[in-house]
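What follows is a set of notes on a single structure, which appears directly below.
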Amino acid sequence: MLRARWMQPDEALADAGRWQALAARCANSNVFFEHWAVKACQSLPEGAGLRLLLVEHHDGSWAGLLPLMPWRVGGVAIGWQNWDQRVRALGDPLIVSGQESAVWQAMLAALARDWRQPLLRLSTLDEQGPVGAALLAILNDGAWPHQCTRRLERAVLNHGLSAAEHCASHIRGKVLKEYRRLKRRLSDRGDLRVEQLDRSARAAPWTEQLLALETTGWKGRDGVAAACDAALEECVHRLLESAHGESRLDFWRMTLDGEPLSMLACLENGQGQSFQYKISYDERHGASSPGVLLELEYLAALLDGDRLRRCDSCARPDHPMINRLWVDRMAVCSVVIGQPTLVGRGIIGLTALIDRRRAKPADQTAPVPELETN
């Protein structure tokens, strides 16, 4: 027997034990909605209005948890959406493995009882993962009116081939040769090292270096680097420090004579999956591709090790660098769900009609050029 109820963030965060127990029982936990990550990000402006929809077993153990915020259009709340904040790269709720369908049904039923906000927007769902697939199966039965508003694919790295086999199969030989040459040139200029943050060391100095690198690049010039926003900068520090304390942070850097050339911060869910949260490099050394060189080091560590089975790049679909190195793709979708009423069906039908009218005919759609591969 499952029961759904609303919780305020403070109430949920005070129950760290059951939250963490839920995450440990997921088939593939969404690291961005784990207890320590939500706690670190709660102070962001997007935290205003945050509520959590909890599904419990009869014994009080947690079966599912979905962080939600009001979905506003023109300042008016028209429904709920999964917590959409700048740090998050995946929107799947936490659901106990094997109970995905039952928990989704309980969540949808609870949301359907609020007639004032008839819509639910769920963004950045792993379409083929156990949580996303269970929801889509429910929606495809036809009882819940819905509209898929976005579909995309982003790069992932799956464990299987060795690093040497992967590179031989998926990266052109002359490209690999060029990266080896660039690495040798850097080594000739000084003491070149690739390091991982030690478990006993503090994360804060590395985080400061990462944010400083990001600020000196194009993100800093465009004013979108984390350090350009005091709230976001503080959030990144708390997030990485919390991840480090939970043994969920895999922090890499490449240095030349002690100065960082590139850095990579990955968050791990403790179940064999990693998420590349942030990568940055010193643009003064851009001709030597320090970001790519560090990614190749990480690729070798994942494929030749046995600790991780997958890494999600968390990158945009057309990312020119990671798409050249990683060939596997992860389908991500966003969906709007209406209540199973005449009003809900009417709103979703109107949404679909607007989308069709906005879509360009096939003969007016510009071709997408293939990415450069050399």
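Naming scheme: A, B, ... for chains in displayed order of the structure tokens; residues 1 onward per chain; ligands 1 onward as shown.
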
Excluding A:His146 and residues on its chain fewer than 4 positions from it, collect all residues at most 9 Å away from it, counting only C-alpha atoms, and give them as a ChimeraX atom specification.
/A:139-140,142,335-339,344-345,348-349,352

Got a sec to tell me which of stretch 44-151 of chain A DSSP assigns to alpha helix (DSSP H), as a PyMOL selection string?
chain A and resi 100-112+130-140

Output N, CA and C atoms for every residue in that selection, as an mmCIF file, in the first residue's frame.
data_model
loop_
_atom_site.group_PDB
_atom_site.id
_atom_site.type_symbol
_atom_site.label_atom_id
_atom_site.label_comp_id
_atom_site.auth_asym_id
_atom_site.auth_seq_id
_atom_site.Cartn_x
_atom_site.Cartn_y
_atom_site.Cartn_z
ATOM 1 N N GLU A 100 8.613 1.417 -9.838
ATOM 2 C CA GLU A 100 8.505 2.664 -10.602
ATOM 3 C C GLU A 100 7.071 2.960 -11.044
ATOM 4 N N SER A 101 6.403 1.970 -11.602
ATOM 5 C CA SER A 101 5.050 2.190 -12.109
ATOM 6 C C SER A 101 4.074 2.527 -10.989
ATOM 7 N N ALA A 102 4.116 1.790 -9.893
ATOM 8 C CA ALA A 102 3.194 2.028 -8.782
ATOM 9 C C ALA A 102 3.423 3.392 -8.148
ATOM 10 N N VAL A 103 4.673 3.793 -8.012
ATOM 11 C CA VAL A 103 4.977 5.085 -7.408
ATOM 12 C C VAL A 103 4.523 6.217 -8.328
ATOM 13 N N TRP A 104 4.764 6.098 -9.620
ATOM 14 C CA TRP A 104 4.296 7.116 -10.566
ATOM 15 C C TRP A 104 2.779 7.256 -10.488
ATOM 16 N N GLN A 105 2.070 6.132 -10.418
ATOM 17 C CA GLN A 105 0.614 6.188 -10.335
ATOM 18 C C GLN A 105 0.175 6.931 -9.082
ATOM 19 N N ALA A 106 0.848 6.680 -7.962
ATOM 20 C CA ALA A 106 0.509 7.376 -6.719
ATOM 21 C C ALA A 106 0.805 8.874 -6.831
ATOM 22 N N MET A 107 1.923 9.233 -7.456
ATOM 23 C CA MET A 107 2.264 10.648 -7.626
ATOM 24 C C MET A 107 1.262 11.353 -8.522
ATOM 25 N N LEU A 108 0.928 10.747 -9.642
ATOM 26 C CA LEU A 108 -0.013 11.365 -10.577
ATOM 27 C C LEU A 108 -1.387 11.526 -9.940
ATOM 28 N N ALA A 109 -1.810 10.530 -9.182
ATOM 29 C CA ALA A 109 -3.112 10.615 -8.517
ATOM 30 C C ALA A 109 -3.140 11.762 -7.519
ATOM 31 N N ALA A 110 -2.044 11.954 -6.781
ATOM 32 C CA ALA A 110 -1.972 13.054 -5.817
ATOM 33 C C ALA A 110 -2.027 14.405 -6.522
ATOM 34 N N LEU A 111 -1.315 14.539 -7.622
ATOM 35 C CA LEU A 111 -1.303 15.800 -8.367
ATOM 36 C C LEU A 111 -2.651 16.069 -9.014
ATOM 37 N N ALA A 112 -3.359 15.027 -9.402
ATOM 38 C CA ALA A 112 -4.664 15.193 -10.061
ATOM 39 C C ALA A 112 -5.719 15.732 -9.109
ATOM 40 N N PRO A 130 14.866 3.218 -16.043
ATOM 41 C CA PRO A 130 13.708 2.565 -15.430
ATOM 42 C C PRO A 130 12.612 3.529 -14.998
ATOM 43 N N VAL A 131 12.986 4.727 -14.541
ATOM 44 C CA VAL A 131 11.996 5.694 -14.070
ATOM 45 C C VAL A 131 11.264 6.345 -15.247
ATOM 46 N N GLY A 132 12.023 6.844 -16.220
ATOM 47 C CA GLY A 132 11.406 7.471 -17.377
ATOM 48 C C GLY A 132 10.586 6.500 -18.203
ATOM 49 N N ALA A 133 11.104 5.289 -18.399
ATOM 50 C CA ALA A 133 10.383 4.294 -19.202
ATOM 51 C C ALA A 133 9.067 3.909 -18.539
ATOM 52 N N ALA A 134 9.050 3.805 -17.204
ATOM 53 C CA ALA A 134 7.817 3.462 -16.499
ATOM 54 C C ALA A 134 6.763 4.550 -16.676
ATOM 55 N N LEU A 135 7.178 5.815 -16.584
ATOM 56 C CA LEU A 135 6.224 6.904 -16.778
ATOM 57 C C LEU A 135 5.665 6.897 -18.198
ATOM 58 N N LEU A 136 6.521 6.757 -19.192
ATOM 59 C CA LEU A 136 6.052 6.775 -20.584
ATOM 60 C C LEU A 136 5.110 5.613 -20.874
ATOM 61 N N ALA A 137 5.351 4.469 -20.245
ATOM 62 C CA ALA A 137 4.450 3.333 -20.423
ATOM 63 C C ALA A 137 3.062 3.656 -19.874
ATOM 64 N N ILE A 138 3.012 4.332 -18.719
ATOM 65 C CA ILE A 138 1.727 4.745 -18.148
ATOM 66 C C ILE A 138 1.023 5.733 -19.072
ATOM 67 N N LEU A 139 1.745 6.711 -19.553
ATOM 68 C CA LEU A 139 1.152 7.739 -20.411
ATOM 69 C C LEU A 139 0.665 7.153 -21.729
ATOM 70 N N ASN A 140 1.393 6.193 -22.253
ATOM 71 C CA ASN A 140 1.010 5.601 -23.539
ATOM 72 C C ASN A 140 -0.246 4.749 -23.440
#

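The nearest approach to A:Thr149 among the residues A:Arg3, A:Arg253, A:His166, A:Arg121, with only C-alpha atoms taken into account, belongs to A:Arg121.
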
Considering only C-alpha atoms, can you say which of A:Val55, A:Leu267, A:Leu249, A:Ala212 comes closest to A:Ala225?
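The shortest atom-to-atom distance to A:Ala225 comes from A:Ala212.
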
Mind checking which residues fall within 6 Å of A:Trp252, counting only C-alpha atoms, ignoring those fewer than 5 positions away in the same chain, and posting them as a VMD selection string?
chain A and resid 195 to 196 263 to 264

Under the rule that only C-alpha atoms are counted, which of A:Gln273, A:Ser280, A:Ser200, A:Ser162 is the nearest residue to A:Trp218?
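Nearest candidate to A:Trp218 out of A:Gln273, A:Ser280, A:Ser200, A:Ser162: A:Ser280.
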